[in-house]
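Pasting structure26.cif here (mmCIF, C-alpha atoms):
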```
data_upload
#
loop_
_atom_site.label_atom_id
_atom_site.label_comp_id
_atom_site.auth_asym_id
_atom_site.auth_seq_id
_atom_site.Cartn_x
_atom_site.Cartn_y
_atom_site.Cartn_z
CA MET K 1 -12.41 -16.07 -9.23
CA LYS K 2 -15.36 -18.02 -10.66
CA ASP K 3 -17.79 -15.23 -11.13
CA HIS K 4 -16.04 -13.52 -13.97
CA PRO K 5 -14.13 -14.54 -17.12
CA LEU K 6 -10.57 -15.74 -16.60
CA VAL K 7 -9.25 -12.92 -18.77
CA ARG K 8 -10.82 -9.48 -18.59
CA ARG K 9 -9.54 -6.91 -21.04
CA HIS K 10 -8.61 -3.35 -20.35
CA THR K 11 -11.06 -1.53 -22.60
CA GLY K 12 -9.24 1.82 -22.48
CA GLY K 13 -9.29 4.72 -20.07
CA PHE K 14 -8.73 2.54 -17.01
CA ARG K 15 -11.96 0.65 -17.46
CA TRP K 16 -12.20 -3.13 -17.74
CA GLU K 17 -14.56 -5.76 -19.10
CA ASP K 18 -16.85 -7.08 -16.41
CA VAL K 19 -15.70 -4.52 -13.81
CA ASP K 20 -18.23 -1.95 -12.59
CA VAL K 21 -17.32 1.65 -11.85
CA LEU K 22 -18.64 2.20 -8.35
CA ALA K 23 -19.11 5.11 -6.01
CA TYR K 24 -16.07 5.52 -3.77
CA LYS K 25 -18.29 5.75 -0.69
CA GLN K 26 -21.88 6.57 0.02
CA GLU K 27 -22.37 10.27 -0.69
CA GLY K 28 -22.35 12.22 2.59
CA ALA K 29 -20.85 9.35 4.62
CA ALA K 30 -17.47 11.09 4.74
CA PRO K 31 -15.76 14.06 3.09
CA PHE K 32 -14.21 13.30 -0.32
CA LYS K 33 -14.28 14.74 -3.81
CA ASP K 34 -14.51 13.09 -7.24
CA VAL K 35 -13.36 9.55 -6.56
CA THR K 36 -14.43 6.29 -8.23
CA ARG K 37 -13.77 2.71 -7.18
CA GLN K 38 -13.43 -0.49 -9.20
CA VAL K 39 -12.93 -3.89 -7.60
CA LEU K 40 -10.54 -5.71 -9.91
CA PHE K 41 -10.10 -8.92 -7.94
CA GLU K 42 -12.09 -10.43 -5.11
CA SER K 43 -12.71 -14.09 -4.54
CA ALA K 44 -13.63 -16.58 -1.85
CA GLU K 45 -10.19 -18.13 -2.43
CA LEU K 46 -8.26 -14.90 -1.80
CA PRO K 47 -7.90 -13.26 1.63
CA ALA K 48 -7.37 -9.87 -0.02
CA GLN K 49 -8.89 -7.59 -2.63
CA LEU K 50 -7.30 -5.49 -5.34
CA ARG K 51 -9.17 -2.30 -6.13
CA TYR K 52 -8.53 0.58 -8.54
CA PHE K 53 -9.36 4.05 -7.28
CA GLU K 54 -9.37 7.07 -9.49
CA VAL K 55 -9.36 10.59 -8.12
CA ALA K 56 -10.31 13.15 -10.78
CA ALA K 57 -8.09 16.25 -11.25
CA GLY K 58 -8.50 18.43 -8.16
CA GLY K 59 -10.24 15.66 -6.19
CA ARG K 60 -9.32 13.85 -2.99
CA THR K 61 -10.08 10.73 -0.97
CA THR K 62 -11.28 10.82 2.62
CA LEU K 63 -8.76 11.68 5.33
CA GLU K 64 -9.02 8.63 7.58
CA ARG K 65 -7.24 5.94 9.56
CA HIS K 66 -7.91 2.31 10.47
CA ASN K 67 -6.19 -0.80 11.69
CA HIS K 68 -5.97 -2.49 8.32
CA VAL K 69 -3.10 -1.56 6.04
CA HIS K 70 -3.08 -0.35 2.45
CA ALA K 71 -0.57 -1.34 -0.20
CA VAL K 72 -0.82 1.15 -3.06
CA MET K 73 0.69 1.44 -6.54
CA VAL K 74 -0.03 4.54 -8.62
CA ILE K 75 -0.82 3.55 -12.21
CA ARG K 76 -2.22 6.79 -13.62
CA GLY K 77 -1.39 10.46 -13.36
CA LYS K 78 0.06 12.41 -10.46
CA GLY K 79 -0.82 13.74 -7.08
CA ARG K 80 0.13 13.96 -3.45
CA CYS K 81 -0.56 11.74 -0.51
CA LEU K 82 -0.53 12.26 3.20
CA VAL K 83 0.77 9.29 5.21
CA GLY K 84 1.09 10.01 8.90
CA ASP K 85 2.70 13.41 9.43
CA ARG K 86 4.25 13.81 5.96
CA ALA K 87 3.02 14.58 2.47
CA TYR K 88 4.64 13.02 -0.61
CA ASP K 89 4.47 13.86 -4.31
CA ILE K 90 3.55 10.67 -6.12
CA GLY K 91 3.42 9.59 -9.74
CA GLU K 92 3.15 6.54 -11.95
CA ARG K 93 4.36 3.26 -10.44
CA ASP K 94 5.35 4.76 -7.09
CA LEU K 95 4.52 2.50 -4.14
CA VAL K 96 2.83 3.72 -0.96
CA SER K 97 2.42 1.74 2.27
CA VAL K 98 -0.13 2.90 4.83
CA PRO K 99 0.60 1.26 8.22
CA PRO K 100 -2.07 0.54 10.86
CA MET K 101 -3.84 3.53 12.42
CA THR K 102 -2.01 6.02 10.23
CA TRP K 103 -3.89 9.06 8.90
CA HIS K 104 -3.82 9.11 5.11
CA GLN K 105 -5.36 10.91 2.16
CA PHE K 106 -4.76 10.96 -1.60
CA HIS K 107 -5.08 14.15 -3.66
CA ALA K 108 -5.00 14.26 -7.46
CA ALA K 109 -2.95 17.01 -9.11
CA PRO K 110 -5.00 20.11 -10.05
CA ASP K 111 -4.67 19.27 -13.75
CA GLN K 112 -4.62 15.48 -13.92
CA PRO K 113 -6.21 12.46 -12.30
CA LEU K 114 -4.55 10.18 -9.81
CA GLY K 115 -5.30 6.49 -10.33
CA PHE K 116 -3.97 3.80 -8.03
CA LEU K 117 -4.25 0.13 -7.21
CA CYS K 118 -4.95 -0.57 -3.55
CA LEU K 119 -4.48 -3.95 -1.94
CA VAL K 120 -6.37 -4.66 1.30
CA ALA K 121 -7.24 -7.66 3.43
CA ILE K 122 -10.82 -8.94 3.17
CA ASP K 123 -11.23 -8.68 6.94
CA ARG K 124 -10.94 -5.06 7.84
CA ASP K 125 -12.14 -2.52 10.35
CA ARG K 126 -14.18 0.61 9.70
CA PRO K 127 -12.20 3.79 9.02
CA GLN K 128 -12.08 6.46 11.71
CA LEU K 129 -12.63 10.08 10.68
CA PRO K 130 -11.05 13.13 12.31
CA SER K 131 -13.08 16.03 13.67
CA ALA K 132 -13.06 19.15 11.48
CA ASP K 133 -10.42 20.77 13.72
CA GLU K 134 -8.31 17.66 13.75
CA ALA K 135 -8.60 17.35 9.96
CA GLN K 136 -7.30 20.89 9.61
CA ARG K 137 -4.28 20.11 11.76
CA LEU K 138 -3.59 16.67 10.23
CA SER K 139 -3.72 17.87 6.65
CA ALA K 140 -1.30 20.76 7.22
CA PRO K 141 1.59 18.91 5.47
CA LEU K 142 -0.50 18.81 2.28
CA LYS K 143 -0.68 22.61 2.09
CA PRO K 144 1.56 24.00 -0.66
CA MET F 1 4.92 -2.48 6.15
CA LYS F 2 7.46 -1.35 8.71
CA ASP F 3 10.57 -2.65 7.09
CA HIS F 4 10.67 -0.25 4.19
CA PRO F 5 9.97 3.46 3.61
CA LEU F 6 6.32 4.46 3.38
CA VAL F 7 6.84 5.74 -0.16
CA ARG F 8 9.12 3.87 -2.55
CA ARG F 9 9.71 5.49 -5.90
CA HIS F 10 9.65 3.87 -9.27
CA THR F 11 13.20 4.50 -10.43
CA GLY F 12 12.53 3.70 -14.09
CA GLY F 13 12.44 0.48 -16.12
CA PHE F 14 10.11 -1.27 -13.66
CA ARG F 15 12.56 -1.10 -10.81
CA TRP F 16 11.80 0.44 -7.42
CA GLU F 17 13.63 1.92 -4.48
CA ASP F 18 14.20 -0.65 -1.76
CA VAL F 19 12.89 -3.56 -3.89
CA ASP F 20 15.35 -6.28 -4.88
CA VAL F 21 15.30 -7.98 -8.26
CA LEU F 22 15.21 -11.68 -7.41
CA ALA F 23 15.52 -14.94 -9.26
CA TYR F 24 12.08 -16.20 -10.31
CA LYS F 25 12.88 -19.65 -8.93
CA GLN F 26 15.96 -21.61 -8.08
CA GLU F 27 17.72 -22.47 -11.33
CA GLY F 28 16.97 -26.08 -12.30
CA ALA F 29 14.03 -26.41 -9.88
CA ALA F 30 11.52 -26.18 -12.72
CA PRO F 31 11.54 -25.29 -16.42
CA PHE F 32 11.33 -21.56 -17.16
CA LYS F 33 13.20 -18.97 -19.23
CA ASP F 34 14.29 -15.41 -18.46
CA VAL F 35 11.99 -14.41 -15.61
CA THR F 36 12.67 -12.06 -12.69
CA ARG F 37 10.64 -11.51 -9.52
CA GLN F 38 10.25 -8.46 -7.30
CA VAL F 39 8.19 -8.50 -4.11
CA LEU F 40 6.50 -5.10 -3.98
CA PHE F 41 4.41 -5.56 -0.85
CA GLU F 42 4.60 -8.09 1.94
CA SER F 43 3.86 -7.45 5.57
CA ALA F 44 2.89 -9.20 8.77
CA GLU F 45 -0.32 -7.16 8.64
CA LEU F 46 -1.34 -8.32 5.18
CA PRO F 47 -2.57 -11.86 4.36
CA ALA F 48 -1.39 -11.48 0.76
CA GLN F 49 1.62 -10.42 -1.27
CA LEU F 50 1.91 -8.31 -4.39
CA ARG F 51 4.77 -9.30 -6.68
CA TYR F 52 6.00 -8.02 -10.04
CA PHE F 53 7.22 -10.63 -12.49
CA GLU F 54 8.97 -9.77 -15.68
CA VAL F 55 9.43 -12.25 -18.48
CA ALA F 56 12.06 -11.09 -21.02
CA ALA F 57 11.19 -11.16 -24.74
CA GLY F 58 10.92 -14.81 -25.79
CA GLY F 59 10.88 -16.06 -22.19
CA ARG F 60 8.30 -17.98 -20.20
CA THR F 61 7.26 -18.85 -16.67
CA THR F 62 6.90 -22.42 -15.43
CA LEU F 63 3.87 -24.41 -16.56
CA GLU F 64 2.34 -25.38 -13.22
CA ARG F 65 -0.79 -25.64 -11.10
CA HIS F 66 -1.59 -25.32 -7.39
CA ASN F 67 -4.48 -24.80 -5.02
CA HIS F 68 -3.80 -21.13 -4.40
CA VAL F 69 -5.15 -18.63 -6.89
CA HIS F 70 -3.39 -15.88 -8.82
CA ALA F 71 -4.80 -12.44 -9.55
CA VAL F 72 -2.74 -10.88 -12.33
CA MET F 73 -2.58 -7.47 -14.01
CA VAL F 74 -0.24 -6.95 -16.95
CA ILE F 75 1.59 -3.64 -16.60
CA ARG F 76 4.31 -3.96 -19.24
CA GLY F 77 4.53 -5.28 -22.77
CA LYS F 78 2.68 -8.13 -24.39
CA GLY F 79 2.49 -11.88 -24.44
CA ARG F 80 0.28 -14.91 -24.16
CA CYS F 81 -0.94 -16.91 -21.24
CA LEU F 82 -2.30 -20.37 -20.85
CA VAL F 83 -5.07 -20.71 -18.26
CA GLY F 84 -6.63 -24.16 -18.17
CA ASP F 85 -7.24 -25.39 -21.70
CA ARG F 86 -7.11 -22.03 -23.48
CA ALA F 87 -4.43 -19.55 -24.49
CA TYR F 88 -5.07 -15.79 -24.47
CA ASP F 89 -3.21 -12.86 -26.00
CA ILE F 90 -2.59 -10.36 -23.22
CA GLY F 91 -1.35 -6.80 -23.06
CA GLU F 92 -1.10 -3.80 -20.76
CA ARG F 93 -3.71 -3.63 -17.98
CA ASP F 94 -5.46 -6.84 -18.93
CA LEU F 95 -6.56 -8.89 -15.91
CA VAL F 96 -6.01 -12.64 -15.57
CA SER F 97 -7.50 -14.90 -12.90
CA VAL F 98 -5.97 -18.32 -12.31
CA PRO F 99 -8.42 -20.53 -10.36
CA PRO F 100 -7.35 -23.37 -8.04
CA MET F 101 -5.58 -26.34 -9.64
CA THR F 102 -5.60 -24.79 -13.08
CA TRP F 103 -2.56 -25.24 -15.33
CA HIS F 104 -1.09 -21.88 -16.29
CA GLN F 105 1.94 -20.35 -17.96
CA PHE F 106 2.93 -16.86 -19.12
CA HIS F 107 4.93 -16.28 -22.31
CA ALA F 108 6.41 -12.92 -23.33
CA ALA F 109 6.08 -11.87 -26.97
CA PRO F 110 9.13 -12.72 -29.12
CA ASP F 111 10.10 -9.05 -29.37
CA GLN F 112 9.02 -7.51 -26.07
CA PRO F 113 8.90 -8.32 -22.38
CA LEU F 114 5.79 -9.23 -20.44
CA GLY F 115 5.60 -7.65 -16.98
CA PHE F 116 2.75 -8.34 -14.59
CA LEU F 117 1.62 -7.82 -11.04
CA CYS F 118 0.58 -11.01 -9.28
CA LEU F 119 -1.45 -11.08 -6.08
CA VAL F 120 -1.29 -14.25 -3.96
CA ALA F 121 -2.23 -15.30 -0.44
CA ILE F 122 0.61 -15.62 2.05
CA ASP F 123 -0.44 -19.18 2.87
CA ARG F 124 -0.02 -21.19 -0.25
CA ASP F 125 0.76 -24.68 -1.45
CA ARG F 126 3.69 -25.83 -3.57
CA PRO F 127 3.14 -25.83 -7.33
CA GLN F 128 2.72 -29.14 -9.13
CA LEU F 129 4.66 -29.69 -12.35
CA PRO F 130 3.51 -31.78 -15.31
CA SER F 131 5.56 -34.63 -16.75
CA ALA F 132 7.30 -33.82 -20.04
CA ASP F 133 4.58 -35.64 -22.01
CA GLU F 134 1.83 -33.93 -20.08
CA ALA F 135 3.50 -30.54 -20.58
CA GLN F 136 3.53 -31.13 -24.32
CA ARG F 137 -0.18 -31.87 -24.33
CA LEU F 138 -1.16 -29.08 -21.91
CA SER F 139 0.72 -26.38 -23.75
CA ALA F 140 -0.78 -27.24 -27.14
CA PRO F 141 -3.14 -24.20 -27.07
CA LEU F 142 -0.09 -21.93 -26.88
CA LYS F 143 1.23 -23.18 -30.22
CA PRO F 144 0.76 -20.62 -33.00
#
```
Kindly return the structure encoded in the file as C-alpha coordinates.
Amino acid sequence: MKDHPLVRRHTGGFRWEDVDVLAYKQEGAAPFKDVTRQVLFESAELPAQLRYFEVAAGGRTTLERHNHVHAVMVIRGKGRCLVGDRAYDIGERDLVSVPPMTWHQFHAAPDQPLGFLCLVAIDRDRPQLPSADEAQRLSAPLKP
Amino acid sequence: MKDHPLVRRHTGGFRWEDVDVLAYKQEGAAPFKDVTRQVLFESAELPAQLRYFEVAAGGRTTLERHNHVHAVMVIRGKGRCLVGDRAYDIGERDLVSVPPMTWHQFHAAPDQPLGFLCLVAIDRDRPQLPSADEAQRLSAPLKP
(Lines of atoms letter the chains of each structure in order from A and count residues from 1; the text may use other names and numbers.)
(Lines give C-alpha, C1' and ligand atoms only; values in the text may rest on other atoms or scores of the structure.)
Protein backbone atom coordinates (compact mmCIF):
# COMPACT_ATOMS: atom_id res chain seq x y z
CA MET A 1 0.00 0.00 0.00
CA LYS A 2 3.06 2.26 -0.07
CA ASP A 3 3.80 2.21 -3.73
CA HIS A 4 0.85 4.22 -4.87
CA PRO A 5 -1.10 7.27 -3.66
CA LEU A 6 -3.51 6.70 -0.78
CA VAL A 7 -6.43 7.81 -2.94
CA ARG A 8 -6.57 6.84 -6.60
CA ARG A 9 -9.41 8.30 -8.62
CA HIS A 10 -11.63 6.52 -11.06
CA THR A 11 -10.88 8.44 -14.24
CA GLY A 12 -13.91 7.16 -16.16
CA GLY A 13 -14.58 4.05 -18.19
CA PHE A 14 -13.35 1.69 -15.47
CA ARG A 15 -9.83 3.03 -15.54
CA TRP A 16 -8.01 4.40 -12.51
CA GLU A 17 -5.13 6.73 -11.70
CA ASP A 18 -1.92 4.81 -11.19
CA VAL A 19 -3.42 1.47 -12.30
CA ASP A 20 -2.09 -0.11 -15.50
CA VAL A 21 -4.30 -1.94 -17.97
CA LEU A 22 -2.57 -5.28 -18.42
CA ALA A 23 -2.90 -8.27 -20.67
CA TYR A 24 -5.16 -10.88 -19.09
CA LYS A 25 -2.61 -13.61 -19.80
CA GLN A 26 0.28 -14.09 -22.12
CA GLU A 27 -1.11 -14.40 -25.64
CA GLY A 28 -1.21 -18.08 -26.66
CA ALA A 29 -0.73 -19.38 -23.09
CA ALA A 30 -4.40 -20.39 -22.88
CA PRO A 31 -7.59 -19.86 -24.87
CA PHE A 32 -9.41 -16.59 -24.11
CA LYS A 33 -10.83 -13.66 -26.05
CA ASP A 34 -10.72 -9.91 -25.41
CA VAL A 35 -9.97 -9.70 -21.71
CA THR A 36 -7.99 -7.05 -19.79
CA ARG A 37 -6.71 -7.11 -16.22
CA GLN A 38 -6.07 -4.33 -13.73
CA VAL A 39 -4.60 -4.94 -10.29
CA LEU A 40 -6.40 -2.51 -8.00
CA PHE A 41 -4.87 -3.53 -4.69
CA GLU A 42 -1.81 -5.56 -3.85
CA SER A 43 0.50 -4.99 -0.94
CA ALA A 44 3.05 -6.73 1.24
CA GLU A 45 0.64 -6.16 4.14
CA LEU A 46 -2.31 -7.90 2.47
CA PRO A 47 -2.52 -11.67 1.91
CA ALA A 48 -4.89 -11.13 -1.03
CA GLN A 49 -5.22 -9.11 -4.21
CA LEU A 50 -8.19 -7.32 -5.72
CA ARG A 51 -8.19 -7.24 -9.50
CA TYR A 52 -10.61 -5.84 -12.09
CA PHE A 53 -11.14 -7.92 -15.21
CA GLU A 54 -13.01 -6.68 -18.19
CA VAL A 55 -14.26 -8.97 -20.92
CA ALA A 56 -15.23 -7.06 -24.07
CA ALA A 57 -18.63 -7.76 -25.69
CA GLY A 58 -18.51 -11.26 -27.16
CA GLY A 59 -15.30 -12.14 -25.29
CA ARG A 60 -14.51 -14.78 -22.69
CA THR A 61 -11.98 -15.73 -20.03
CA THR A 62 -10.12 -19.03 -20.02
CA LEU A 63 -12.02 -22.15 -18.98
CA GLU A 64 -9.89 -23.40 -16.09
CA ARG A 65 -9.75 -24.73 -12.55
CA HIS A 66 -7.33 -24.49 -9.62
CA ASN A 67 -7.13 -24.98 -5.90
CA HIS A 68 -7.38 -21.32 -5.01
CA VAL A 69 -10.82 -19.76 -4.81
CA HIS A 70 -12.24 -16.68 -6.52
CA ALA A 71 -14.60 -14.18 -4.95
CA VAL A 72 -16.19 -12.14 -7.73
CA MET A 73 -18.46 -9.08 -7.90
CA VAL A 74 -19.72 -7.90 -11.28
CA ILE A 75 -19.46 -4.11 -11.51
CA ARG A 76 -20.04 -3.52 -15.23
CA GLY A 77 -22.33 -4.91 -17.88
CA LYS A 78 -23.76 -8.39 -18.27
CA GLY A 79 -22.77 -11.88 -19.19
CA ARG A 80 -22.82 -15.51 -18.21
CA CYS A 81 -20.52 -17.59 -16.10
CA LEU A 82 -19.88 -21.28 -15.82
CA VAL A 83 -19.20 -22.50 -12.28
CA GLY A 84 -18.91 -26.26 -12.03
CA ASP A 85 -21.68 -27.91 -14.02
CA ARG A 86 -24.03 -24.92 -14.26
CA ALA A 87 -24.16 -21.66 -16.19
CA TYR A 88 -25.60 -18.48 -14.65
CA ASP A 89 -26.72 -15.18 -16.15
CA ILE A 90 -24.94 -12.44 -14.24
CA GLY A 91 -25.22 -8.68 -14.08
CA GLU A 92 -24.16 -5.68 -12.05
CA ARG A 93 -23.37 -6.33 -8.38
CA ASP A 94 -24.09 -10.06 -8.53
CA LEU A 95 -21.66 -12.13 -6.45
CA VAL A 96 -19.98 -15.30 -7.72
CA SER A 97 -17.96 -17.77 -5.62
CA VAL A 98 -15.66 -20.22 -7.37
CA PRO A 99 -14.75 -23.07 -4.97
CA PRO A 100 -11.48 -25.06 -5.17
CA MET A 101 -10.92 -27.18 -8.28
CA THR A 102 -14.13 -26.03 -9.92
CA TRP A 103 -14.18 -25.40 -13.67
CA HIS A 104 -15.18 -21.81 -14.41
CA GLN A 105 -15.37 -19.33 -17.25
CA PHE A 106 -16.82 -15.84 -17.72
CA HIS A 107 -18.46 -14.74 -20.98
CA ALA A 108 -19.50 -11.17 -21.76
CA ALA A 109 -22.88 -10.62 -23.40
CA PRO A 110 -22.72 -10.36 -27.22
CA ASP A 111 -23.53 -6.64 -27.06
CA GLN A 112 -21.93 -5.41 -23.84
CA PRO A 113 -18.82 -5.90 -21.75
CA LEU A 114 -18.63 -7.83 -18.52
CA GLY A 115 -16.46 -6.20 -15.85
CA PHE A 116 -15.86 -7.78 -12.48
CA LEU A 117 -13.77 -7.49 -9.34
CA CYS A 118 -11.98 -10.69 -8.40
CA LEU A 119 -10.49 -11.32 -4.99
CA VAL A 120 -7.76 -13.98 -4.70
CA ALA A 121 -5.15 -15.05 -2.17
CA ILE A 122 -1.57 -14.01 -2.91
CA ASP A 123 -0.42 -17.62 -2.61
CA ARG A 124 -2.07 -19.54 -5.36
CA ASP A 125 -1.56 -22.50 -7.64
CA ARG A 126 -1.35 -22.53 -11.42
CA PRO A 127 -4.64 -23.02 -13.27
CA GLN A 128 -5.30 -26.35 -14.97
CA LEU A 129 -6.68 -26.34 -18.51
CA PRO A 130 -9.01 -28.94 -20.00
CA SER A 131 -8.22 -30.81 -23.21
CA ALA A 132 -10.17 -29.61 -26.26
CA ASP A 133 -12.62 -32.52 -25.91
CA GLU A 134 -13.05 -31.92 -22.23
CA ALA A 135 -13.57 -28.19 -22.83
CA GLN A 136 -16.36 -29.01 -25.27
CA ARG A 137 -18.10 -31.20 -22.70
CA LEU A 138 -17.52 -28.85 -19.73
CA SER A 139 -18.81 -25.77 -21.50
CA ALA A 140 -22.05 -27.42 -22.65
CA PRO A 141 -24.13 -25.57 -19.99
CA LEU A 142 -23.06 -22.26 -21.54
CA LYS A 143 -24.64 -23.13 -24.89
CA PRO A 144 -27.85 -21.18 -25.50
CA MET B 1 -17.29 -20.56 -0.07
CA LYS B 2 -19.38 -23.62 0.72
CA ASP B 3 -21.86 -22.08 3.05
CA HIS B 4 -23.72 -20.01 0.50
CA PRO B 5 -24.91 -20.43 -3.10
CA LEU B 6 -22.27 -20.05 -5.79
CA VAL B 7 -24.14 -17.12 -7.30
CA ARG B 8 -25.84 -14.58 -5.05
CA ARG B 9 -27.88 -11.92 -6.77
CA HIS B 10 -27.92 -8.25 -6.06
CA THR B 11 -31.55 -7.74 -5.07
CA GLY B 12 -31.49 -3.95 -5.42
CA GLY B 13 -30.46 -1.10 -3.13
CA PHE B 14 -27.09 -2.67 -2.32
CA ARG B 15 -28.59 -5.72 -0.71
CA TRP B 16 -27.80 -9.29 -1.74
CA GLU B 17 -29.33 -12.73 -1.53
CA ASP B 18 -28.01 -14.66 1.45
CA VAL B 19 -26.10 -11.65 2.87
CA ASP B 20 -27.24 -10.23 6.20
CA VAL B 21 -27.26 -6.52 6.97
CA LEU B 22 -25.33 -6.28 10.23
CA ALA B 23 -24.58 -3.62 12.80
CA TYR B 24 -21.32 -1.86 11.97
CA LYS B 25 -20.13 -2.30 15.56
CA GLN B 26 -21.70 -2.92 18.90
CA GLU B 27 -23.63 0.21 19.88
CA GLY B 28 -21.60 2.25 22.39
CA ALA B 29 -18.34 0.39 21.68
CA ALA B 30 -16.96 3.33 19.71
CA PRO B 31 -18.26 6.59 18.25
CA PHE B 32 -19.92 6.27 14.85
CA LYS B 33 -23.18 7.27 13.17
CA ASP B 34 -25.53 5.41 10.83
CA VAL B 35 -23.31 2.69 9.40
CA THR B 36 -24.24 -0.84 8.29
CA ARG B 37 -21.98 -3.77 7.43
CA GLN B 38 -22.46 -6.70 5.07
CA VAL B 39 -19.90 -9.48 4.70
CA LEU B 40 -19.93 -10.36 1.01
CA PHE B 41 -17.17 -12.96 0.97
CA GLU B 42 -15.53 -14.93 3.74
CA SER B 43 -14.30 -18.47 3.53
CA ALA B 44 -11.91 -20.91 5.14
CA GLU B 45 -10.09 -20.98 1.80
CA LEU B 46 -9.53 -17.23 1.62
CA PRO B 47 -7.09 -15.31 3.87
CA ALA B 48 -9.14 -12.13 3.44
CA GLN B 49 -12.70 -10.86 3.64
CA LEU B 50 -14.64 -8.51 1.39
CA ARG B 51 -17.22 -6.40 3.20
CA TYR B 52 -19.65 -3.71 2.08
CA PHE B 53 -20.14 -0.78 4.43
CA GLU B 54 -22.79 1.80 3.96
CA VAL B 55 -22.76 5.12 5.75
CA ALA B 56 -26.15 6.88 5.58
CA ALA B 57 -26.27 10.55 4.50
CA GLY B 58 -24.67 12.61 7.26
CA GLY B 59 -23.21 9.54 8.99
CA ARG B 60 -19.64 8.50 9.73
CA THR B 61 -17.51 5.52 10.63
CA THR B 62 -15.30 5.39 13.72
CA LEU B 63 -12.08 7.39 13.70
CA GLU B 64 -9.52 4.67 14.41
CA ARG B 65 -6.19 3.10 13.49
CA HIS B 66 -4.75 -0.42 13.53
CA ASN B 67 -1.93 -2.48 12.12
CA HIS B 68 -4.00 -4.19 9.46
CA VAL B 69 -4.55 -2.37 6.20
CA HIS B 70 -7.77 -1.53 4.36
CA ALA B 71 -8.26 -1.63 0.61
CA VAL B 72 -11.40 0.32 -0.24
CA MET B 73 -13.46 0.94 -3.37
CA VAL B 74 -16.42 3.31 -3.22
CA ILE B 75 -19.39 1.82 -5.06
CA ARG B 76 -22.23 4.10 -3.95
CA GLY B 77 -22.68 7.80 -3.40
CA LYS B 78 -20.21 10.37 -2.20
CA GLY B 79 -18.38 11.51 0.88
CA ARG B 80 -15.05 12.36 2.41
CA CYS B 81 -12.41 10.30 4.07
CA LEU B 82 -9.60 11.06 6.42
CA VAL B 83 -6.43 9.03 5.83
CA GLY B 84 -3.53 10.11 8.01
CA ASP B 85 -3.30 13.89 8.07
CA ARG B 86 -5.34 14.61 4.95
CA ALA B 87 -9.01 14.55 3.97
CA TYR B 88 -10.13 13.54 0.47
CA ASP B 89 -13.41 13.95 -1.39
CA ILE B 90 -14.39 10.52 -2.69
CA GLY B 91 -17.01 9.21 -5.07
CA GLU B 92 -18.00 6.14 -7.04
CA ARG B 93 -15.16 3.76 -7.95
CA ASP B 94 -12.44 5.78 -6.26
CA LEU B 95 -9.85 3.62 -4.49
CA VAL B 96 -8.58 4.30 -0.97
CA SER B 97 -5.64 2.57 0.72
CA VAL B 98 -5.29 2.80 4.49
CA PRO B 99 -1.72 1.86 5.53
CA PRO B 100 -0.82 0.33 8.91
CA MET B 101 -1.41 2.48 12.01
CA THR B 102 -2.91 5.32 10.03
CA TRP B 103 -5.87 7.22 11.47
CA HIS B 104 -8.86 7.01 9.16
CA GLN B 105 -12.57 7.80 9.03
CA PHE B 106 -15.25 7.80 6.34
CA HIS B 107 -18.01 10.43 6.22
CA ALA B 108 -21.03 10.27 3.91
CA ALA B 109 -22.09 13.48 2.15
CA PRO B 110 -24.86 15.40 3.97
CA ASP B 111 -27.39 14.49 1.28
CA GLN B 112 -26.35 11.04 0.08
CA PRO B 113 -24.99 7.77 1.40
CA LEU B 114 -21.44 6.55 1.02
CA GLY B 115 -21.15 2.84 0.25
CA PHE B 116 -17.81 1.10 -0.12
CA LEU B 117 -16.21 -2.29 -0.44
CA CYS B 118 -13.47 -2.94 2.09
CA LEU B 119 -10.92 -5.72 1.77
CA VAL B 120 -9.12 -6.86 4.94
CA ALA B 121 -7.00 -9.80 6.04
CA ILE B 122 -8.71 -12.41 8.19
CA ASP B 123 -6.02 -12.06 10.85
CA ARG B 124 -6.23 -8.57 12.17
CA ASP B 125 -5.64 -6.54 15.29
CA ARG B 126 -8.15 -4.54 17.30
CA PRO B 127 -8.59 -0.90 16.31
CA GLN B 128 -7.19 1.80 18.57
CA LEU B 129 -9.38 4.79 19.38
CA PRO B 130 -8.17 8.34 20.02
CA SER B 131 -9.02 10.27 23.17
CA ALA B 132 -11.67 12.96 22.71
CA ASP B 133 -8.99 15.67 22.54
CA GLU B 134 -6.93 13.68 20.10
CA ALA B 135 -9.99 13.00 17.95
CA GLN B 136 -10.66 16.73 17.76
CA ARG B 137 -7.13 17.38 16.55
CA LEU B 138 -6.95 14.40 14.16
CA SER B 139 -10.22 15.16 12.44
CA ALA B 140 -9.36 18.82 11.79
CA PRO B 141 -8.66 18.18 8.06
CA LEU B 142 -12.26 16.98 7.67
CA LYS B 143 -13.65 20.35 8.75
CA PRO B 144 -15.05 22.33 5.81
Chain and number of each residue from the PyMOL selection byres ((chain F) within 6 of (chain K)), as a VMD selection string: chain F and resid 6 to 10 93 to 97
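Among the candidate residues K:Ala109, K:Met101, K:Ala44, K:Ala56, the one lying nearest to Pro144 in chain K is K:Ala109, with distances computed using all atoms listed in the file.
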Straight-line distance linking CA of His66 in chain K with CA of Gln38 in chain K, stated in Å to one decimal: 20.6 Å
Output check: residues returned by the PyMOL selection byres ((chain F and resi 35) around 7), as a PyMOL selection string: chain F and resi 24+33-34+36-37+53-56+59-61
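The space between CA of Gln105 in chain F and CA of Arg80 in chain F spans 8.4 Å.
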Distance of CA of Thr62 in chain F from CA of Lys143 in chain F, expressed in Å to one decimal place: 15.9 Å
Evaluating the PyMOL selection byres ((chain K and resi 112) around 7) on the displayed file yields which residues, as a PDB file with C-alpha atoms, keeping the file's coordinate frame?
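Final file, part.pdb:
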```pdb
ATOM      1  CA  ALA K  56     -10.310  13.150 -10.780  1.00  0.00           C
ATOM      2  CA  ALA K  57      -8.090  16.250 -11.250  1.00  0.00           C
ATOM      3  CA  GLY K  77      -1.390  10.460 -13.360  1.00  0.00           C
ATOM      4  CA  LYS K  78       0.060  12.410 -10.460  1.00  0.00           C
ATOM      5  CA  ALA K 108      -5.000  14.260  -7.460  1.00  0.00           C
ATOM      6  CA  ALA K 109      -2.950  17.010  -9.110  1.00  0.00           C
ATOM      7  CA  PRO K 110      -5.000  20.110 -10.050  1.00  0.00           C
ATOM      8  CA  ASP K 111      -4.670  19.270 -13.750  1.00  0.00           C
ATOM      9  CA  PRO K 113      -6.210  12.460 -12.300  1.00  0.00           C
ATOM     10  CA  LEU K 114      -4.550  10.180  -9.810  1.00  0.00           C
TER      11      LEU K 114
END
```
